[in-house]
$ cat model.txt   # compact mmCIF, C-alpha atoms and all ligand atoms
# COMPACT_ATOMS: atom_id res chain seq x y z
CA MET A 192 12.98 -24.91 41.65
CA LYS A 193 11.62 -28.28 40.57
CA VAL A 194 8.17 -26.83 39.84
CA LEU A 195 9.70 -24.05 37.79
CA ALA A 196 11.74 -26.51 35.73
CA LEU A 197 8.64 -28.59 35.08
CA ALA A 198 6.65 -25.54 34.03
CA CYS A 199 9.37 -24.63 31.55
CA LEU A 200 9.24 -28.11 30.08
CA LEU A 201 5.47 -28.26 29.78
CA PRO A 202 4.92 -26.28 26.57
CA ALA A 203 7.37 -28.44 24.66
CA THR A 204 5.77 -31.69 25.73
CA ALA A 205 2.10 -30.68 25.98
CA LEU A 206 1.78 -28.78 22.71
CA ALA A 207 1.79 -30.57 19.39
CA ALA A 208 3.90 -29.12 16.63
CA PRO A 209 1.87 -28.94 13.42
CA THR A 210 3.78 -28.96 10.16
CA TYR A 211 2.57 -27.24 7.00
CA THR A 212 3.19 -28.69 3.54
CA VAL A 213 1.55 -28.65 0.11
CA GLU A 214 0.38 -31.67 -1.89
CA GLY A 215 -1.26 -32.23 -5.25
CA GLU A 216 -0.97 -30.97 -8.80
CA LEU A 217 -1.20 -27.38 -9.96
CA GLY A 218 -4.84 -26.31 -9.95
CA ALA A 219 -5.79 -28.85 -7.31
CA GLN A 220 -3.22 -28.21 -4.62
CA LYS A 221 -4.01 -28.53 -0.94
CA LEU A 222 -2.33 -27.23 2.15
CA VAL A 223 -1.72 -30.17 4.46
CA VAL A 224 -1.32 -29.67 8.16
CA GLN A 225 -0.02 -32.66 10.04
CA ASP A 226 -0.84 -32.22 13.72
CA GLY A 227 0.28 -35.35 15.55
CA ALA A 228 -1.64 -38.22 13.93
CA LEU A 229 -4.21 -35.85 12.45
CA ALA A 230 -3.83 -34.50 8.92
CA GLN A 231 -6.09 -31.61 7.84
CA ARG A 232 -6.32 -30.18 4.35
CA TRP A 233 -7.23 -26.76 2.95
CA GLY A 234 -7.52 -25.93 -0.71
CA SER A 235 -8.43 -22.92 -2.77
CA ASP A 236 -9.98 -22.64 -6.22
CA GLU A 237 -6.83 -20.94 -7.45
CA GLY A 238 -4.03 -22.51 -9.37
CA LEU A 239 -1.14 -22.23 -7.01
CA ILE A 240 -0.67 -22.65 -3.29
CA GLY A 241 2.51 -22.47 -1.29
CA VAL A 242 3.94 -22.19 2.19
CA GLN A 243 6.14 -19.09 2.24
CA GLN A 244 7.29 -19.61 5.80
CA GLN A 245 6.51 -21.79 8.79
CA ALA A 246 7.14 -20.19 12.18
CA ASP A 247 5.35 -19.36 15.42
CA LEU A 248 4.11 -16.07 14.00
CA ASP A 249 1.70 -15.12 16.81
CA GLY A 250 4.06 -16.24 19.58
CA ASP A 251 1.65 -18.71 21.26
CA GLY A 252 4.16 -21.57 21.22
CA THR A 253 2.86 -23.51 18.20
CA PRO A 254 4.00 -23.14 14.60
CA ASP A 255 1.84 -21.21 12.12
CA ALA A 256 2.43 -20.62 8.42
CA LEU A 257 2.27 -17.79 5.93
CA VAL A 258 0.48 -19.34 2.95
CA TYR A 259 -0.01 -17.85 -0.49
CA THR A 260 -2.43 -18.61 -3.30
CA SER A 261 -2.27 -17.32 -6.84
CA CYS A 262 -3.77 -17.89 -10.27
CA GLY A 263 -0.20 -18.67 -11.28
CA GLY A 264 -0.10 -16.37 -14.33
CA ASN A 265 1.52 -13.03 -15.03
CA GLY A 266 -0.25 -9.96 -13.68
CA CYS A 267 -2.39 -11.74 -11.14
CA ALA A 268 -2.16 -10.76 -7.53
CA THR A 269 -0.99 -13.19 -4.90
CA ASP A 270 -3.26 -13.69 -1.89
CA TYR A 271 -1.63 -14.20 1.49
CA HIS A 272 -3.20 -16.12 4.38
CA LEU A 273 -2.29 -17.05 7.93
CA ALA A 274 -2.68 -20.76 8.68
CA THR A 275 -2.78 -21.85 12.29
CA VAL A 276 -4.12 -24.66 14.45
CA ARG A 277 -6.60 -23.53 17.13
CA GLY A 278 -8.12 -26.11 19.46
CA GLY A 279 -6.94 -28.91 17.19
CA LYS A 280 -8.60 -27.32 14.12
CA LEU A 281 -6.88 -25.84 11.11
CA VAL A 282 -7.88 -22.19 10.63
CA VAL A 283 -6.84 -20.25 7.53
CA THR A 284 -7.61 -16.51 7.41
CA PRO A 285 -6.88 -14.11 4.55
CA ILE A 286 -4.41 -11.28 5.23
CA ASP A 287 -3.90 -9.25 2.06
CA SER A 288 -3.55 -9.43 -1.69
CA THR A 289 -0.76 -7.80 -3.68
CA GLU A 290 1.28 -7.94 -6.85
CA GLY A 291 4.16 -6.43 -4.87
CA GLU A 292 6.69 -7.98 -2.56
CA VAL A 293 5.88 -9.49 0.79
CA ARG A 294 8.42 -9.93 3.58
CA LEU A 295 8.18 -11.61 6.97
CA LYS A 296 10.62 -10.30 9.50
CA GLN A 297 11.25 -10.27 13.21
CA VAL A 298 11.33 -6.95 15.04
CA GLU A 299 12.31 -7.15 18.71
CA GLY A 300 11.41 -10.84 18.75
CA ARG A 301 7.96 -10.39 17.18
CA TRP A 302 7.05 -11.36 13.63
CA GLN A 303 5.64 -8.78 11.28
CA LEU A 304 4.61 -8.91 7.65
CA GLU A 305 5.50 -6.11 5.25
CA VAL A 306 3.30 -5.94 2.13
CA ASP A 307 4.34 -3.66 -0.74
CA GLN A 308 1.42 -2.06 -2.56
CA PRO A 309 1.43 0.41 -5.46
CA GLY A 310 0.40 3.20 -3.03
CA GLY A 311 2.84 2.34 -0.26
CA GLN A 312 3.56 -0.31 2.30
CA LYS A 313 1.34 -2.05 4.85
CA VAL A 314 2.62 -3.74 7.98
CA TYR A 315 0.73 -6.53 9.74
CA VAL A 316 1.40 -8.05 13.15
CA PHE A 317 0.10 -11.36 14.51
CA ALA A 318 -1.85 -12.19 17.68
CA ASP A 319 -4.12 -15.07 18.69
CA GLY A 320 -3.91 -16.77 15.32
CA LYS A 321 -4.86 -13.61 13.42
CA ALA A 322 -3.08 -10.93 11.44
CA ALA A 323 -3.90 -7.30 12.25
CA LEU A 324 -3.03 -4.21 10.22
CA PHE A 325 -0.43 -2.33 12.23
CA ALA A 326 0.68 0.54 9.99
CA THR A 327 0.37 1.99 6.53
CA ASP A 328 3.14 3.98 4.97
CA THR A 329 1.52 5.63 1.97
CA LYS A 330 2.95 8.41 -0.09
CA ARG A 331 1.93 11.90 1.05
CA VAL A 332 -0.55 13.26 -1.50
CA LEU A 333 -1.94 16.74 -0.79
CA ALA A 334 -5.68 17.06 -1.37
CA THR A 335 -6.81 19.68 -3.90
CA ILE A 336 -10.06 21.61 -4.36
CA ALA A 337 -9.64 21.30 -8.16
CA GLU A 338 -6.88 19.87 -10.36
CA VAL A 339 -5.72 18.67 -13.74
CA LYS A 340 -3.82 15.48 -14.23
CA GLY A 341 -1.93 13.43 -16.74
CA VAL A 342 0.37 14.27 -19.60
CA ALA A 343 0.09 11.07 -21.62
CA PRO A 344 0.14 10.61 -24.55
CA TYR A 345 2.75 13.38 -24.59
CA THR A 346 1.56 15.26 -27.61
CA THR A 347 1.07 18.98 -28.16
CA ASP A 348 -2.19 18.11 -29.93
CA SER A 349 -3.79 17.31 -26.61
CA PRO A 350 -6.29 19.99 -25.70
CA PRO A 351 -5.44 22.35 -22.86
CA ARG A 352 -6.69 21.24 -19.50
CA SER A 353 -8.23 23.76 -17.16
CA PHE A 354 -9.83 24.04 -13.77
CA GLN A 355 -11.37 26.82 -11.73
CA ALA A 356 -10.33 28.22 -8.38
CA ASP A 357 -10.61 31.58 -6.66
CA VAL A 358 -6.96 32.62 -6.99
CA ASP A 359 -7.18 36.21 -5.69
CA LEU A 360 -9.73 35.40 -2.98
CA ASP A 361 -12.36 37.90 -4.18
CA GLY A 362 -15.08 35.26 -4.10
CA LYS A 363 -15.14 34.73 -7.88
CA PRO A 364 -13.38 31.81 -9.56
CA GLU A 365 -10.60 32.26 -12.11
CA THR A 366 -9.72 29.70 -14.78
CA ILE A 367 -6.26 28.12 -14.66
CA THR A 368 -5.26 26.57 -17.95
CA CYS A 369 -2.51 24.00 -18.38
CA THR A 370 -1.11 22.74 -21.65
CA ILE A 371 1.18 19.79 -22.15
CA TRP A 372 4.80 20.59 -22.78
CA GLU A 373 5.72 17.71 -25.04
CA ARG A 374 9.47 18.05 -24.73
CA TRP A 375 9.50 17.52 -20.98
CA GLY A 376 6.28 15.56 -20.65
CA SER A 377 5.01 18.02 -18.08
CA LEU A 378 2.21 20.55 -17.58
CA LEU A 379 2.70 24.21 -18.47
CA CYS A 380 0.20 26.16 -16.38
CA THR A 381 -0.86 29.80 -16.59
CA LEU A 382 -1.77 31.51 -13.33
CA PRO A 383 -3.36 34.96 -12.95
CA THR A 384 -1.18 37.44 -11.02
CA PRO A 385 -1.60 41.20 -10.35
CA SER A 386 0.85 41.95 -13.18
CA GLY A 387 -0.84 39.62 -15.66
CA PRO A 388 -0.83 35.91 -16.53
CA GLN A 389 2.27 34.01 -15.39
CA THR A 390 3.15 30.83 -17.23
CA LEU A 391 4.86 28.32 -15.00
CA SER A 392 6.81 25.37 -16.30
CA THR A 393 5.77 23.00 -13.57
CA GLY A 394 7.64 19.78 -14.36
CA CYS A 395 4.52 18.06 -13.01
CA ASP A 396 1.90 15.71 -14.32
CA ARG A 397 -0.61 16.77 -11.66
CA PHE A 398 -1.38 20.41 -10.85
CA GLY A 399 -4.15 21.63 -8.60
CA ALA A 400 -5.42 24.30 -6.20
CA LEU A 401 -4.99 23.82 -2.46
CA ALA A 402 -7.29 25.08 0.25
CA THR A 403 -4.45 27.24 1.67
CA THR A 404 -3.27 30.72 0.61
CA THR A 405 -0.03 32.73 0.85
CA ASN A 406 0.32 36.54 0.54
CA GLY A 407 -3.34 36.86 -0.39
CA ARG A 408 -3.34 34.30 -3.19
CA ARG A 409 -4.25 30.67 -3.59
CA ASP A 410 -1.53 27.97 -3.14
CA PHE A 411 -1.15 25.24 -5.73
CA VAL A 412 0.29 21.74 -5.63
CA CYS A 413 2.49 20.03 -8.18
CA ASN A 414 2.53 16.22 -8.33
CA GLU A 415 1.97 14.72 -4.87
CA ASP A 416 3.25 17.35 -2.47
CA LYS A 417 5.35 20.12 -4.10
CA ILE A 418 3.78 23.49 -3.26
CA VAL A 419 3.62 26.58 -5.50
CA ARG A 420 3.20 29.81 -3.48
CA PHE A 421 2.73 33.49 -4.31
CA ASP A 422 5.61 35.65 -3.01
CA GLY A 423 3.77 38.98 -3.35
CA LYS A 424 4.75 39.51 -6.99
CA ALA A 425 4.78 36.12 -8.70
CA TYR A 426 4.37 32.42 -8.09
CA ASN A 427 7.53 30.47 -7.18
CA GLU A 428 8.74 27.25 -8.73
CA PRO A 429 7.27 24.06 -7.21
CA ARG A 430 9.17 23.02 -4.09
CA CA B 1 1.54 -19.81 16.76
CA CA B 2 -11.19 35.50 -7.91

$ encode --input "model.txt" --output "C-alpha cells"
Amino acid sequence: MKVLALACLLPATALAAPTYTVEGELGAQKLVVQDGALAQRWGSDEGLIGVQQQADLDGDGTPDALVYTSCGGNGCATDYHLATVRGGKLVVTPIDSTEGEVRLKQVEGRWQLEVDQPGGQKVYVFADGKAALFATDTKRVLATIAEVKGVAPYTTDSPPRSFQADVDLDGKPETITCTIWERWGSLLCTLPTPSGPQTLSTGCDRFGALATTTNGRRDFVCNEDKIVRFDGKAYNEPR
C-alpha cells in the first residue's frame, strides 16, 4: 500500500509544471515558457501571438498550450500551434490555419480541437506532444462528369451556360443548356426527353450530370447533393 501511495505521488513531485505566457509588444511578441528556473522563448514573424488555453492536452501529466499567431488584421487567417515541453525543451508544432472558429473541448476525458473551415469541420486529437487529424466533417458534394456553375451577377444578360453528357445513353453526347433565372437567382436548365425538351426550374446554382442513370436516362445533380432523376416520362424536381 505504501509503494502504491508513493507511486501516485511521484508524477506531481517529479514533473515540473511549465507555464505559458506571452511577453512583448505587438509585432515582436514571444511565447514564454517558464519551466522551473528555466525560461524559454518562441516567437513568430507575425504580428500577434496568444495562449488560447493551457492544459495537459496530450494527457502525459505536464501542461501544454494551444497557441495562436495572426497578422492581427481583418481577413487574415489565424495559425494554431501546440506548445509543449519535451525533455526539458520547448517544442512548438503547427496544427492548422483558419479564419473560422476553433474550440478545445474534452470528450470522455480527452482533449480535442475542433477547427471550423469554409468546407466543413476538422477535429484534431493530441498524443505525445503532437496534434493528429482525427476526423473531417465536410459537406457531401456529389461528383459530376460535366457541370455548370454560378448565377452571379444575377442578370438575364449572362450568356447561357451549357455542358455535354450522353443523356439517353446511346453513346452520343447531348447538349444541356442552362440560363440564369434572374428573379430567383437560379439556373433554368433544359433537358432532352423522349417527348421533347423539358425546362426545369432547378433552384440551384450548380447543375451537372452524374455517372448514374435511372429508367434509361442520365441522372443530374443540383447544388451539392440534390438529385434529378428521370421517371420514365419526365425529369423530377431536385430532391
Ligand atoms: Ca502534456
Ligand atoms: Ca445521347

$ atom_distance --input "model.txt" --atom1 "CA of Gln244 (chain A)" --atom2 "CA of Val258 (chain A)"
7.4 Å

$ atom_distance --input "model.txt" --atom1 "CA of Glu428 (chain A)" --atom2 "CA of Pro385 (chain A)"
17.4 Å

$ atom_distance --input "model.txt" --atom1 "CA of Lys417 (chain A)" --atom2 "CA of Thr393 (chain A)"
9.9 Å

$ closest_residue --input "model.txt" --among "A:Gln231, A:Gln312, A:Gln355, A:Asn406" --to "Gly291 (chain A)" --atoms "only C-alpha atoms"
A:Gln312

$ residues_near_ligand --input "model.txt" --ligand "ligand CA 1 (chain B)" --cutoff "6 Å" --atoms "only C-alpha atoms and all ligand atoms" --output "PyMOL selection string"
chain A and resi 247-255

$ write_last_selection --input "model.txt" --atoms "C-alpha atoms" --output "short mmCIF file (atom, residue, chain, number, x, y, z; two decimals), keeping the file's coordinate frame"
data_model
loop_
_atom_site.label_atom_id
_atom_site.label_comp_id
_atom_site.auth_asym_id
_atom_site.auth_seq_id
_atom_site.Cartn_x
_atom_site.Cartn_y
_atom_site.Cartn_z
CA ASP A 247 5.35 -19.36 15.42
CA LEU A 248 4.11 -16.07 14.00
CA ASP A 249 1.70 -15.12 16.81
CA GLY A 250 4.06 -16.24 19.58
CA ASP A 251 1.65 -18.71 21.26
CA GLY A 252 4.16 -21.57 21.22
CA THR A 253 2.86 -23.51 18.20
CA PRO A 254 4.00 -23.14 14.60
CA ASP A 255 1.84 -21.21 12.12
#
